[in-house]
file structure-v3.pdb (PDB, C-alpha atoms and all ligand atoms)
ATOM      1  CA  MET A   1      85.900 122.047  69.673  1.00  0.00           C
ATOM      2  CA  LEU A   2      88.739 120.327  71.523  1.00  0.00           C
ATOM      3  CA  GLY A   3      88.229 117.652  74.123  1.00  0.00           C
ATOM      4  CA  LEU A   4      89.702 114.575  75.686  1.00  0.00           C
ATOM      5  CA  THR A   5      88.253 111.329  77.025  1.00  0.00           C
ATOM      6  CA  PHE A   6      90.318 109.358  79.494  1.00  0.00           C
ATOM      7  CA  LEU A   7      90.040 105.729  78.409  1.00  0.00           C
ATOM      8  CA  GLY A   8      92.431 104.514  81.095  1.00  0.00           C
ATOM      9  CA  THR A   9      94.190 106.277  83.980  1.00  0.00           C
ATOM     10  CA  GLY A  10      96.141 103.487  85.682  1.00  0.00           C
ATOM     11  CA  THR A  11      99.818 102.732  85.873  1.00  0.00           C
ATOM     12  CA  SER A  12     101.375  99.729  84.150  1.00  0.00           C
ATOM     13  CA  ASN A  13      99.853  96.934  86.236  1.00  0.00           C
ATOM     14  CA  GLY A  14      96.300  98.329  86.210  1.00  0.00           C
ATOM     15  CA  ILE A  15      94.162  98.821  89.321  1.00  0.00           C
ATOM     16  CA  PRO A  16      93.072  96.637  91.037  1.00  0.00           C
ATOM     17  CA  VAL A  17      96.426  94.880  90.945  1.00  0.00           C
ATOM     18  CA  ILE A  18      96.146  91.103  90.660  1.00  0.00           C
ATOM     19  CA  GLY A  19      96.302  89.543  94.126  1.00  0.00           C
ATOM     20  CA  CYS A  20      96.406  92.871  96.008  1.00  0.00           C
ATOM     21  CA  HIS A  21      94.061  93.620  98.914  1.00  0.00           C
ATOM     22  CA  CYS A  22      95.048  97.241  99.582  1.00  0.00           C
ATOM     23  CA  HIS A  23      92.597 100.092 100.083  1.00  0.00           C
ATOM     24  CA  ALA A  24      92.462 101.171  96.400  1.00  0.00           C
ATOM     25  CA  CYS A  25      92.411  97.621  95.052  1.00  0.00           C
ATOM     26  CA  THR A  26      89.401  96.713  97.236  1.00  0.00           C
ATOM     27  CA  SER A  27      87.660 100.105  96.907  1.00  0.00           C
ATOM     28  CA  VAL A  28      84.024 100.110  95.786  1.00  0.00           C
ATOM     29  CA  ASP A  29      84.485 103.586  94.236  1.00  0.00           C
ATOM     30  CA  PRO A  30      84.465 103.013  90.443  1.00  0.00           C
ATOM     31  CA  ARG A  31      87.045 105.834  90.091  1.00  0.00           C
ATOM     32  CA  ASP A  32      89.559 103.547  91.814  1.00  0.00           C
ATOM     33  CA  ARG A  33      89.311 101.005  88.988  1.00  0.00           C
ATOM     34  CA  ARG A  34      91.965 102.138  86.541  1.00  0.00           C
ATOM     35  CA  THR A  35      92.748 100.445  83.262  1.00  0.00           C
ATOM     36  CA  ARG A  36      96.071 101.107  81.561  1.00  0.00           C
ATOM     37  CA  CYS A  37      96.780 104.658  80.422  1.00  0.00           C
ATOM     38  CA  SER A  38      95.174 105.836  77.180  1.00  0.00           C
ATOM     39  CA  ALA A  39      92.968 108.676  75.946  1.00  0.00           C
ATOM     40  CA  VAL A  40      91.002 109.947  72.987  1.00  0.00           C
ATOM     41  CA  LEU A  41      91.734 113.460  71.803  1.00  0.00           C
ATOM     42  CA  HIS A  42      88.643 114.960  70.191  1.00  0.00           C
ATOM     43  CA  LEU A  43      89.490 117.356  67.363  1.00  0.00           C
ATOM     44  CA  GLY A  44      86.046 118.510  66.308  1.00  0.00           C
ATOM     45  CA  GLU A  45      84.381 115.372  64.924  1.00  0.00           C
ATOM     46  CA  ARG A  46      87.673 113.497  64.719  1.00  0.00           C
ATOM     47  CA  ASN A  47      88.817 111.014  67.361  1.00  0.00           C
ATOM     48  CA  ILE A  48      92.558 110.672  67.853  1.00  0.00           C
ATOM     49  CA  LEU A  49      93.530 107.721  69.996  1.00  0.00           C
ATOM     50  CA  ILE A  50      96.589 108.273  72.200  1.00  0.00           C
ATOM     51  CA  ASP A  51      98.258 104.881  72.796  1.00  0.00           C
ATOM     52  CA  THR A  52      96.702 101.431  72.555  1.00  0.00           C
ATOM     53  CA  ALA A  53      96.474 100.113  76.114  1.00  0.00           C
ATOM     54  CA  PRO A  54      96.035  96.377  76.743  1.00  0.00           C
ATOM     55  CA  GLU A  55      92.344  97.027  77.571  1.00  0.00           C
ATOM     56  CA  LEU A  56      91.662  98.997  74.362  1.00  0.00           C
ATOM     57  CA  ARG A  57      88.713  96.783  73.410  1.00  0.00           C
ATOM     58  CA  LEU A  58      87.112  97.075  76.853  1.00  0.00           C
ATOM     59  CA  GLN A  59      87.817 100.819  76.979  1.00  0.00           C
ATOM     60  CA  ALA A  60      86.203 101.359  73.576  1.00  0.00           C
ATOM     61  CA  LEU A  61      83.128  99.388  74.645  1.00  0.00           C
ATOM     62  CA  ALA A  62      82.916 101.292  77.952  1.00  0.00           C
ATOM     63  CA  CYS A  63      83.178 104.711  76.291  1.00  0.00           C
ATOM     64  CA  GLY A  64      81.156 103.955  73.148  1.00  0.00           C
ATOM     65  CA  LEU A  65      84.199 104.587  70.959  1.00  0.00           C
ATOM     66  CA  THR A  66      83.345 103.335  67.468  1.00  0.00           C
ATOM     67  CA  ARG A  67      85.482 105.606  65.348  1.00  0.00           C
ATOM     68  CA  VAL A  68      89.215 106.320  65.415  1.00  0.00           C
ATOM     69  CA  ASP A  69      90.662 108.659  62.788  1.00  0.00           C
ATOM     70  CA  ALA A  70      94.348 108.468  63.783  1.00  0.00           C
ATOM     71  CA  VAL A  71      96.603 107.124  66.536  1.00  0.00           C
ATOM     72  CA  LEU A  72      99.406 108.927  68.385  1.00  0.00           C
ATOM     73  CA  PHE A  73     101.935 106.894  70.347  1.00  0.00           C
ATOM     74  CA  THR A  74     103.745 108.323  73.373  1.00  0.00           C
ATOM     75  CA  HIS A  75     106.223 105.410  73.587  1.00  0.00           C
ATOM     76  CA  ALA A  76     106.355 101.649  73.184  1.00  0.00           C
ATOM     77  CA  HIS A  77     106.172 100.363  76.761  1.00  0.00           C
ATOM     78  CA  ALA A  78     103.825  97.375  76.940  1.00  0.00           C
ATOM     79  CA  ASP A  79     101.160  99.222  78.955  1.00  0.00           C
ATOM     80  CA  HIS A  80     100.860 101.748  76.089  1.00  0.00           C
ATOM     81  CA  VAL A  81     100.899  99.413  73.073  1.00  0.00           C
ATOM     82  CA  GLY A  82      99.420  96.106  74.337  1.00  0.00           C
ATOM     83  CA  GLY A  83      96.039  96.683  72.639  1.00  0.00           C
ATOM     84  CA  PHE A  84      97.615  97.354  69.242  1.00  0.00           C
ATOM     85  CA  ASP A  85      95.861  94.472  67.482  1.00  0.00           C
ATOM     86  CA  ASP A  86      92.415  95.851  68.409  1.00  0.00           C
ATOM     87  CA  LEU A  87      93.029  98.718  65.969  1.00  0.00           C
ATOM     88  CA  ARG A  88      91.866  96.344  63.239  1.00  0.00           C
ATOM     89  CA  GLN A  89      88.243  96.725  64.319  1.00  0.00           C
ATOM     90  CA  PHE A  90      88.486 100.466  63.649  1.00  0.00           C
ATOM     91  CA  ASN A  91      89.814  99.622  60.172  1.00  0.00           C
ATOM     92  CA  TYR A  92      86.827  97.356  59.704  1.00  0.00           C
ATOM     93  CA  LEU A  93      84.333  99.989  60.870  1.00  0.00           C
ATOM     94  CA  ALA A  94      85.842 102.681  58.635  1.00  0.00           C
ATOM     95  CA  GLN A  95      86.784 100.328  55.762  1.00  0.00           C
ATOM     96  CA  ALA A  96      89.953 102.374  55.477  1.00  0.00           C
ATOM     97  CA  PRO A  97      93.575 102.321  56.622  1.00  0.00           C
ATOM     98  CA  LEU A  98      94.431 104.177  59.826  1.00  0.00           C
ATOM     99  CA  PRO A  99      97.190 106.804  60.098  1.00  0.00           C
ATOM    100  CA  VAL A 100      99.525 106.237  63.048  1.00  0.00           C
ATOM    101  CA  TYR A 101     102.124 108.708  64.347  1.00  0.00           C
ATOM    102  CA  ALA A 102     105.188 107.868  66.419  1.00  0.00           C
ATOM    103  CA  ASP A 103     108.730 109.089  66.911  1.00  0.00           C
ATOM    104  CA  PRO A 104     111.356 107.033  64.991  1.00  0.00           C
ATOM    105  CA  LYS A 105     112.341 104.901  68.005  1.00  0.00           C
ATOM    106  CA  THR A 106     108.751 104.016  68.874  1.00  0.00           C
ATOM    107  CA  ALA A 107     108.011 103.347  65.185  1.00  0.00           C
ATOM    108  CA  ARG A 108     110.940 100.923  65.089  1.00  0.00           C
ATOM    109  CA  GLU A 109     109.642  99.144  68.194  1.00  0.00           C
ATOM    110  CA  LEU A 110     106.141  98.870  66.710  1.00  0.00           C
ATOM    111  CA  ARG A 111     107.486  97.384  63.467  1.00  0.00           C
ATOM    112  CA  THR A 112     109.484  94.823  65.435  1.00  0.00           C
ATOM    113  CA  ARG A 113     106.810  93.788  67.891  1.00  0.00           C
ATOM    114  CA  PHE A 114     103.844  93.882  65.515  1.00  0.00           C
ATOM    115  CA  GLY A 115     105.643  92.939  62.311  1.00  0.00           C
ATOM    116  CA  TYR A 116     102.635  90.983  61.029  1.00  0.00           C
ATOM    117  CA  ALA A 117     100.647  94.227  60.797  1.00  0.00           C
ATOM    118  CA  PHE A 118     103.243  95.810  58.513  1.00  0.00           C
ATOM    119  CA  SER A 119     103.822  92.863  56.182  1.00  0.00           C
ATOM    120  CA  ASP A 120     101.596  92.069  53.178  1.00  0.00           C
ATOM    121  CA  PRO A 121      98.100  93.516  53.572  1.00  0.00           C
ATOM    122  CA  LEU A 122      95.110  91.194  53.765  1.00  0.00           C
ATOM    123  CA  PRO A 123      92.519  91.572  50.986  1.00  0.00           C
ATOM    124  CA  PHE A 124      89.831  92.405  53.579  1.00  0.00           C
ATOM    125  CA  TYR A 125      89.530  94.361  56.825  1.00  0.00           C
ATOM    126  CA  GLY A 126      89.312  92.734  60.231  1.00  0.00           C
ATOM    127  CA  GLY A 127      92.183  90.210  60.073  1.00  0.00           C
ATOM    128  CA  LYS A 128      94.938  92.538  61.190  1.00  0.00           C
ATOM    129  CA  PRO A 129      95.507  96.268  61.569  1.00  0.00           C
ATOM    130  CA  ASP A 130      96.010  98.200  58.316  1.00  0.00           C
ATOM    131  CA  LEU A 131      98.126 101.182  59.331  1.00  0.00           C
ATOM    132  CA  ARG A 132     100.032 103.997  57.693  1.00  0.00           C
ATOM    133  CA  LEU A 133     102.896 104.603  60.093  1.00  0.00           C
ATOM    134  CA  HIS A 134     104.260 108.165  60.036  1.00  0.00           C
ATOM    135  CA  GLU A 135     107.423 109.091  61.923  1.00  0.00           C
ATOM    136  CA  PHE A 136     107.410 112.600  63.361  1.00  0.00           C
ATOM    137  CA  ASP A 137     110.482 114.678  64.112  1.00  0.00           C
ATOM    138  CA  GLY A 138     108.685 117.909  64.996  1.00  0.00           C
ATOM    139  CA  PRO A 139     105.243 119.519  64.885  1.00  0.00           C
ATOM    140  CA  PHE A 140     102.759 118.260  62.301  1.00  0.00           C
ATOM    141  CA  GLU A 141      99.156 118.822  61.337  1.00  0.00           C
ATOM    142  CA  LEU A 142      96.281 116.447  61.875  1.00  0.00           C
ATOM    143  CA  PHE A 143      92.926 117.206  60.222  1.00  0.00           C
ATOM    144  CA  GLY A 144      93.775 120.916  60.249  1.00  0.00           C
ATOM    145  CA  TYR A 145      94.874 120.977  63.904  1.00  0.00           C
ATOM    146  CA  PRO A 146      98.522 121.604  64.908  1.00  0.00           C
ATOM    147  CA  ILE A 147     100.052 118.766  66.925  1.00  0.00           C
ATOM    148  CA  ILE A 148     103.248 119.546  68.839  1.00  0.00           C
ATOM    149  CA  PRO A 149     105.167 116.513  70.132  1.00  0.00           C
ATOM    150  CA  VAL A 150     106.679 117.358  73.523  1.00  0.00           C
ATOM    151  CA  PRO A 151     109.736 115.265  74.431  1.00  0.00           C
ATOM    152  CA  VAL A 152     109.944 114.376  78.121  1.00  0.00           C
ATOM    153  CA  LEU A 153     112.285 112.090  80.039  1.00  0.00           C
ATOM    154  CA  HIS A 154     110.910 108.782  81.372  1.00  0.00           C
ATOM    155  CA  GLY A 155     113.992 107.799  83.338  1.00  0.00           C
ATOM    156  CA  GLY A 156     116.644 107.501  80.632  1.00  0.00           C
ATOM    157  CA  TRP A 157     114.126 107.180  77.791  1.00  0.00           C
ATOM    158  CA  THR A 158     112.702 110.079  75.812  1.00  0.00           C
ATOM    159  CA  VAL A 159     108.940 109.694  75.391  1.00  0.00           C
ATOM    160  CA  TYR A 160     106.439 112.137  73.892  1.00  0.00           C
ATOM    161  CA  GLY A 161     103.565 114.178  75.173  1.00  0.00           C
ATOM    162  CA  PHE A 162     101.364 116.042  72.693  1.00  0.00           C
ATOM    163  CA  ARG A 163     100.054 119.571  72.650  1.00  0.00           C
ATOM    164  CA  CYS A 164      97.160 120.734  70.504  1.00  0.00           C
ATOM    165  CA  GLY A 165      96.463 124.444  71.037  1.00  0.00           C
ATOM    166  CA  PRO A 166      95.257 124.971  74.614  1.00  0.00           C
ATOM    167  CA  LEU A 167      95.300 121.247  75.490  1.00  0.00           C
ATOM    168  CA  ALA A 168      98.317 119.079  76.320  1.00  0.00           C
ATOM    169  CA  TYR A 169      98.656 115.418  77.278  1.00  0.00           C
ATOM    170  CA  VAL A 170     101.843 114.273  78.986  1.00  0.00           C
ATOM    171  CA  THR A 171     102.263 110.826  80.489  1.00  0.00           C
ATOM    172  CA  ASP A 172     105.169 108.720  81.755  1.00  0.00           C
ATOM    173  CA  ALA A 173     107.344 111.752  82.450  1.00  0.00           C
ATOM    174  CA  LYS A 174     109.877 111.876  85.254  1.00  0.00           C
ATOM    175  CA  THR A 175     111.494 115.093  84.059  1.00  0.00           C
ATOM    176  CA  ILE A 176     110.306 117.801  81.692  1.00  0.00           C
ATOM    177  CA  PRO A 177     113.374 119.578  80.273  1.00  0.00           C
ATOM    178  CA  PRO A 178     113.253 123.403  80.020  1.00  0.00           C
ATOM    179  CA  ALA A 179     112.836 123.366  76.217  1.00  0.00           C
ATOM    180  CA  SER A 180     109.788 121.105  76.590  1.00  0.00           C
ATOM    181  CA  LEU A 181     108.349 123.211  79.414  1.00  0.00           C
ATOM    182  CA  ALA A 182     108.559 126.092  76.951  1.00  0.00           C
ATOM    183  CA  LEU A 183     106.451 124.097  74.475  1.00  0.00           C
ATOM    184  CA  LEU A 184     103.803 123.673  77.195  1.00  0.00           C
ATOM    185  CA  ARG A 185     103.612 127.318  78.267  1.00  0.00           C
ATOM    186  CA  GLY A 186     100.191 128.912  77.951  1.00  0.00           C
ATOM    187  CA  VAL A 187      98.367 125.595  77.952  1.00  0.00           C
ATOM    188  CA  GLU A 188      94.881 125.853  79.507  1.00  0.00           C
ATOM    189  CA  VAL A 189      94.159 122.204  80.175  1.00  0.00           C
ATOM    190  CA  LEU A 190      97.092 119.980  81.094  1.00  0.00           C
ATOM    191  CA  VAL A 191      97.021 116.217  81.505  1.00  0.00           C
ATOM    192  CA  LEU A 192     100.044 115.099  83.496  1.00  0.00           C
ATOM    193  CA  ASN A 193     101.165 111.821  85.032  1.00  0.00           C
ATOM    194  CA  ALA A 194     101.432 111.539  88.834  1.00  0.00           C
ATOM    195  CA  LEU A 195     102.114 108.022  90.059  1.00  0.00           C
ATOM    196  CA  ARG A 196     101.838 108.304  93.859  1.00  0.00           C
ATOM    197  CA  ASP A 197     103.201 110.248  96.831  1.00  0.00           C
ATOM    198  CA  ARG A 198     106.489 108.330  97.110  1.00  0.00           C
ATOM    199  CA  PRO A 199     109.187 109.178  94.559  1.00  0.00           C
ATOM    200  CA  HIS A 200     109.779 106.760  91.672  1.00  0.00           C
ATOM    201  CA  PRO A 201     112.828 106.551  89.387  1.00  0.00           C
ATOM    202  CA  THR A 202     110.901 106.941  86.091  1.00  0.00           C
ATOM    203  CA  HIS A 203     107.566 108.603  86.968  1.00  0.00           C
ATOM    204  CA  LEU A 204     106.591 111.929  88.520  1.00  0.00           C
ATOM    205  CA  SER A 205     105.390 111.764  92.116  1.00  0.00           C
ATOM    206  CA  LEU A 206     102.484 113.987  93.159  1.00  0.00           C
ATOM    207  CA  ALA A 207     104.832 116.629  94.611  1.00  0.00           C
ATOM    208  CA  GLU A 208     106.932 116.660  91.434  1.00  0.00           C
ATOM    209  CA  ALA A 209     103.831 116.916  89.243  1.00  0.00           C
ATOM    210  CA  LEU A 210     102.465 119.784  91.345  1.00  0.00           C
ATOM    211  CA  ALA A 211     105.773 121.636  90.985  1.00  0.00           C
ATOM    212  CA  ILE A 212     105.299 121.504  87.195  1.00  0.00           C
ATOM    213  CA  VAL A 213     101.700 122.684  87.573  1.00  0.00           C
ATOM    214  CA  GLU A 214     102.955 125.566  89.703  1.00  0.00           C
ATOM    215  CA  GLU A 215     105.412 126.481  86.951  1.00  0.00           C
ATOM    216  CA  LEU A 216     102.958 126.250  84.024  1.00  0.00           C
ATOM    217  CA  ARG A 217      99.802 127.398  85.869  1.00  0.00           C
ATOM    218  CA  PRO A 218      97.228 125.868  83.515  1.00  0.00           C
ATOM    219  CA  ARG A 219      93.567 126.629  84.209  1.00  0.00           C
ATOM    220  CA  GLN A 220      92.909 122.930  84.823  1.00  0.00           C
ATOM    221  CA  THR A 221      95.206 119.958  85.366  1.00  0.00           C
ATOM    222  CA  TYR A 222      94.146 116.305  85.279  1.00  0.00           C
ATOM    223  CA  LEU A 223      96.447 113.720  86.818  1.00  0.00           C
ATOM    224  CA  THR A 224      96.761 110.289  85.220  1.00  0.00           C
ATOM    225  CA  HIS A 225      98.911 107.087  85.180  1.00  0.00           C
ATOM    226  CA  VAL A 226      98.120 106.558  88.840  1.00  0.00           C
ATOM    227  CA  SER A 227      99.156 103.637  91.064  1.00  0.00           C
ATOM    228  CA  HIS A 228      97.171 101.626  93.616  1.00  0.00           C
ATOM    229  CA  GLU A 229      98.817 103.651  96.378  1.00  0.00           C
ATOM    230  CA  VAL A 230      96.298 106.358  95.501  1.00  0.00           C
ATOM    231  CA  VAL A 231      92.663 106.280  96.666  1.00  0.00           C
ATOM    232  CA  HIS A 232      90.624 108.633  94.499  1.00  0.00           C
ATOM    233  CA  ALA A 233      88.552 110.247  97.250  1.00  0.00           C
ATOM    234  CA  GLN A 234      91.597 110.793  99.492  1.00  0.00           C
ATOM    235  CA  TRP A 235      93.760 112.476  96.852  1.00  0.00           C
ATOM    236  CA  SER A 236      90.842 114.532  95.567  1.00  0.00           C
ATOM    237  CA  GLU A 237      90.510 116.202  98.977  1.00  0.00           C
ATOM    238  CA  ARG A 238      94.186 117.176  99.031  1.00  0.00           C
ATOM    239  CA  LEU A 239      94.690 118.515  95.530  1.00  0.00           C
ATOM    240  CA  PRO A 240      95.030 122.279  95.014  1.00  0.00           C
ATOM    241  CA  ASP A 241      92.370 124.297  93.199  1.00  0.00           C
ATOM    242  CA  GLY A 242      92.254 123.505  89.506  1.00  0.00           C
ATOM    243  CA  VAL A 243      94.001 120.137  89.877  1.00  0.00           C
ATOM    244  CA  PHE A 244      91.901 117.005  89.553  1.00  0.00           C
ATOM    245  CA  LEU A 245      92.534 113.306  89.625  1.00  0.00           C
ATOM    246  CA  ALA A 246      91.313 111.839  86.332  1.00  0.00           C
ATOM    247  CA  TYR A 247      89.390 108.569  86.202  1.00  0.00           C
ATOM    248  CA  ASP A 248      88.481 106.119  83.466  1.00  0.00           C
ATOM    249  CA  GLY A 249      85.679 107.491  81.305  1.00  0.00           C
ATOM    250  CA  LEU A 250      86.110 111.149  82.336  1.00  0.00           C
ATOM    251  CA  ARG A 251      85.600 113.561  79.423  1.00  0.00           C
ATOM    252  CA  VAL A 252      86.836 117.145  79.457  1.00  0.00           C
ATOM    253  CA  TRP A 253      86.283 119.941  76.932  1.00  0.00           C
ATOM    254  CA  VAL A 254      88.383 123.006  76.352  1.00  0.00           C
TER
HETATM  255 ZN    ZN B 301     103.151 103.777  81.269  1.00  0.00          ZN
HETATM  256 ZN    ZN B 302      96.646  97.349  95.714  1.00  0.00          ZN
HETATM  257 ZN    ZN B 303     106.344 103.923  80.165  1.00  0.00          ZN
END
call {"tool": "encode", "arguments": {"input": "structure-v3.pdb", "output": "structure tokens"}}
result
Amino acid sequence: MLGLTFLGTGTSNGIPVIGCHCHACTSVDPRDRRTRCSAVLHLGERNILIDTAPELRLQALACGLTRVDAVLFTHAHADHVGGFDDLRQFNYLAQAPLPVYADPKTARELRTRFGYAFSDPLPFYGGKPDLRLHEFDGPFELFGYPIIPVPVLHGGWTVYGFRCGPLAYVTDAKTIPPASLALLRGVEVLVLNALRDRPHPTHLSLAEALAIVEELRPRQTYLTHVSHEVVHAQWSERLPDGVFLAYDGLRVWV
């Protein structure tokens, strides 16, 4: 069984934004509280964490996440890697190293920023993450499931979405090149970033995201990486059939 839990659905500053008094930031609707963007892909009994948001510890506590079997990184922007150190608790719980997958550029960034985690191992678990960093340059297999990295453009930077059978997770895209759209064809459940109504230089707006949905026609689409310009209840009323605004803690099954 394939599924996905949204740990966080907010853009890089998180919602509410510090010091902001806008409609979303003062909303009492819990769906308007968005931690930084991250998810757990459920492959049968296995939990695959996608990105380590700054709130990873709080997200894990909120969702009852006590086991992580592998980590996939989309890219190394701070809102996607800031919770990296909290991976060590999953080492401690499993008493085992944790496989981590990233493209070569992201892997390089991780080694630079979190060098302490890749230097000499500690003789016990809990002190720092114990990771086995694998660089992907194409599709690979994870616990018997095929994982297809999907390169998308985040402004001038190539970042990666991931497809596993009928489910795909794409965040921080501004443009999906034709070859990557081809990799997403036939997907039944699509997670796609949609920042806000206004255009943005490095993120899809709602209209741009809906154009991709129109092209791919998945059965269900969940929008994520959302800014404080979006009030959950208001967008939900406007979205076409089969398109939903995700929120922190939402779990979907394929
Ligand atoms: Zn981001
Ligand atoms: Zn605000
Ligand atoms: Zn980013």
call {"tool": "resolve_selection", "arguments": {"input": "structure-v3.pdb", "expression": "the PyMOL selection byres (((chain A and resi 110-113) around 12) and not hetatm)", "output": "PyMOL selection string"}}
result
chain A and resi 51-52+73-78+80-85+100-109+114-119+131-135
call {"tool": "write_last_selection", "arguments": {"input": "structure-v3.pdb", "atoms": "C-alpha atoms", "output": "PDB file, in the frame of the given file"}}
result
ATOM      1  CA  ASP A  51      98.258 104.881  72.796  1.00  0.00           C
ATOM      2  CA  THR A  52      96.702 101.431  72.555  1.00  0.00           C
ATOM      3  CA  PHE A  73     101.935 106.894  70.347  1.00  0.00           C
ATOM      4  CA  THR A  74     103.745 108.323  73.373  1.00  0.00           C
ATOM      5  CA  HIS A  75     106.223 105.410  73.587  1.00  0.00           C
ATOM      6  CA  ALA A  76     106.355 101.649  73.184  1.00  0.00           C
ATOM      7  CA  HIS A  77     106.172 100.363  76.761  1.00  0.00           C
ATOM      8  CA  ALA A  78     103.825  97.375  76.940  1.00  0.00           C
ATOM      9  CA  HIS A  80     100.860 101.748  76.089  1.00  0.00           C
ATOM     10  CA  VAL A  81     100.899  99.413  73.073  1.00  0.00           C
ATOM     11  CA  GLY A  82      99.420  96.106  74.337  1.00  0.00           C
ATOM     12  CA  GLY A  83      96.039  96.683  72.639  1.00  0.00           C
ATOM     13  CA  PHE A  84      97.615  97.354  69.242  1.00  0.00           C
ATOM     14  CA  ASP A  85      95.861  94.472  67.482  1.00  0.00           C
ATOM     15  CA  VAL A 100      99.525 106.237  63.048  1.00  0.00           C
ATOM     16  CA  TYR A 101     102.124 108.708  64.347  1.00  0.00           C
ATOM     17  CA  ALA A 102     105.188 107.868  66.419  1.00  0.00           C
ATOM     18  CA  ASP A 103     108.730 109.089  66.911  1.00  0.00           C
ATOM     19  CA  PRO A 104     111.356 107.033  64.991  1.00  0.00           C
ATOM     20  CA  LYS A 105     112.341 104.901  68.005  1.00  0.00           C
ATOM     21  CA  THR A 106     108.751 104.016  68.874  1.00  0.00           C
ATOM     22  CA  ALA A 107     108.011 103.347  65.185  1.00  0.00           C
ATOM     23  CA  ARG A 108     110.940 100.923  65.089  1.00  0.00           C
ATOM     24  CA  GLU A 109     109.642  99.144  68.194  1.00  0.00           C
ATOM     25  CA  PHE A 114     103.844  93.882  65.515  1.00  0.00           C
ATOM     26  CA  GLY A 115     105.643  92.939  62.311  1.00  0.00           C
ATOM     27  CA  TYR A 116     102.635  90.983  61.029  1.00  0.00           C
ATOM     28  CA  ALA A 117     100.647  94.227  60.797  1.00  0.00           C
ATOM     29  CA  PHE A 118     103.243  95.810  58.513  1.00  0.00           C
ATOM     30  CA  SER A 119     103.822  92.863  56.182  1.00  0.00           C
ATOM     31  CA  LEU A 131      98.126 101.182  59.331  1.00  0.00           C
ATOM     32  CA  ARG A 132     100.032 103.997  57.693  1.00  0.00           C
ATOM     33  CA  LEU A 133     102.896 104.603  60.093  1.00  0.00           C
ATOM     34  CA  HIS A 134     104.260 108.165  60.036  1.00  0.00           C
ATOM     35  CA  GLU A 135     107.423 109.091  61.923  1.00  0.00           C
TER      36      GLU A 135
END
call {"tool": "resolve_selection", "arguments": {"input": "structure-v3.pdb", "expression": "the PyMOL selection byres (((not hetatm)) within 6 of (chain B and resi 302))", "output": "number ranges by chain"}}
result
A: 16-17, 20-22, 24-25, 228
call {"tool": "residues_near_ligand", "arguments": {"input": "structure-v3.pdb", "ligand": "ligand ZN 303 (chain B)", "cutoff": "12 Å", "atoms": "only C-alpha atoms and all ligand atoms", "output": "NGL selection string"}}
result
:A and (10-13 or 36-38 or 51 or 53 or 73-82 or 106 or 152-161 or 170-174 or 193 or 195 or 201-204 or 225)
call {"tool": "residues_around", "arguments": {"input": "structure-v3.pdb", "residues": "Leu93 of chain A", "least_positions_apart": "6", "cutoff": "12 Å", "atoms": "all atoms listed in the file", "output": "JSON list (two decimals) with C-alpha atoms, keeping the file's coordinate frame"}}
result
[["chain", "number", "residue", "atom", "x", "y", "z"],
["A", 65, "LEU", "CA", 84.20, 104.59, 70.96],
["A", 66, "THR", "CA", 83.34, 103.34, 67.47],
["A", 67, "ARG", "CA", 85.48, 105.61, 65.35],
["A", 68, "VAL", "CA", 89.22, 106.32, 65.42],
["A", 69, "ASP", "CA", 90.66, 108.66, 62.79],
["A", 86, "ASP", "CA", 92.42, 95.85, 68.41],
["A", 87, "LEU", "CA", 93.03, 98.72, 65.97],
["A", 124, "PHE", "CA", 89.83, 92.40, 53.58],
["A", 125, "TYR", "CA", 89.53, 94.36, 56.82],
["A", 126, "GLY", "CA", 89.31, 92.73, 60.23],
["A", 129, "PRO", "CA", 95.51, 96.27, 61.57]]
call {"tool": "residues_around", "arguments": {"input": "structure-v3.pdb", "residues": "segment 41-46 of chain A", "least_positions_apart": "5", "cutoff": "8 Å", "atoms": "all atoms listed in the file", "output": "VMD selection string"}}
result
chain A and resid 1 to 5 68 to 69 143 145
call {"tool": "atom_distance", "arguments": {"input": "structure-v3.pdb", "atom1": "atom CA of Asp137 of chain A", "atom2": "atom CA of Ala179 of chain A"}}
result
15.1 Å
call {"tool": "axis_aligned_box", "arguments": {"input": "structure-v3.pdb", "around": "segment 130-135 of chain A", "padding_each_side": "4 Å", "output": "JSON"}}
result
{"center_x": 101.7, "center_y": 103.6, "center_z": 59.8, "size_x": 19.4, "size_y": 18.9, "size_z": 12.2}
call {"tool": "residues_around", "arguments": {"input": "structure-v3.pdb", "residues": "Leu216 of chain A", "least_positions_apart": "3", "cutoff": "8 Å", "atoms": "all atoms listed in the file", "output": "PDB file with C-alpha atoms, keeping the file's coordinate frame"}}
result
ATOM      1  CA  LEU A 181     108.349 123.211  79.414  1.00  0.00           C
ATOM      2  CA  LEU A 184     103.803 123.673  77.195  1.00  0.00           C
ATOM      3  CA  ARG A 185     103.612 127.318  78.267  1.00  0.00           C
ATOM      4  CA  GLY A 186     100.191 128.912  77.951  1.00  0.00           C
ATOM      5  CA  VAL A 187      98.367 125.595  77.952  1.00  0.00           C
ATOM      6  CA  ILE A 212     105.299 121.504  87.195  1.00  0.00           C
ATOM      7  CA  VAL A 213     101.700 122.684  87.573  1.00  0.00           C
TER       8      VAL A 213
END
call {"tool": "atom_distance", "arguments": {"input": "structure-v3.pdb", "atom1": "atom CA of Gly242 of chain A", "atom2": "atom CA of Val230 of chain A"}}
result
18.6 Å
call {"tool": "residues_around", "arguments": {"input": "structure-v3.pdb", "residues": "Val71 of chain A", "least_positions_apart": "5", "cutoff": "6 Å", "atoms": "all atoms listed in the file", "output": "NGL selection string"}}
result
:A and (48-50 or 100)
call {"tool": "atom_distance", "arguments": {"input": "structure-v3.pdb", "atom1": "atom CA of Arg251 of chain A", "atom2": "atom CA of Cys63 of chain A"}}
result
9.7 Å
call {"tool": "closest_residue", "arguments": {"input": "structure-v3.pdb", "among": "A:Ile148, A:Pro139, A:Gly249, A:Ala94", "to": "Gly8 of chain A", "atoms": "all atoms listed in the file"}}
result
A:Gly249
call {"tool": "residues_around", "arguments": {"input": "structure-v3.pdb", "residues": "Val231 of chain A", "least_positions_apart": "4", "cutoff": "10 Å", "atoms": "all atoms listed in the file", "output": "JSON, numbers by chain"}}
result
{"A": [22, 23, 24, 25, 27, 29, 31, 32, 33, 196, 226, 227, 235, 236, 245]}
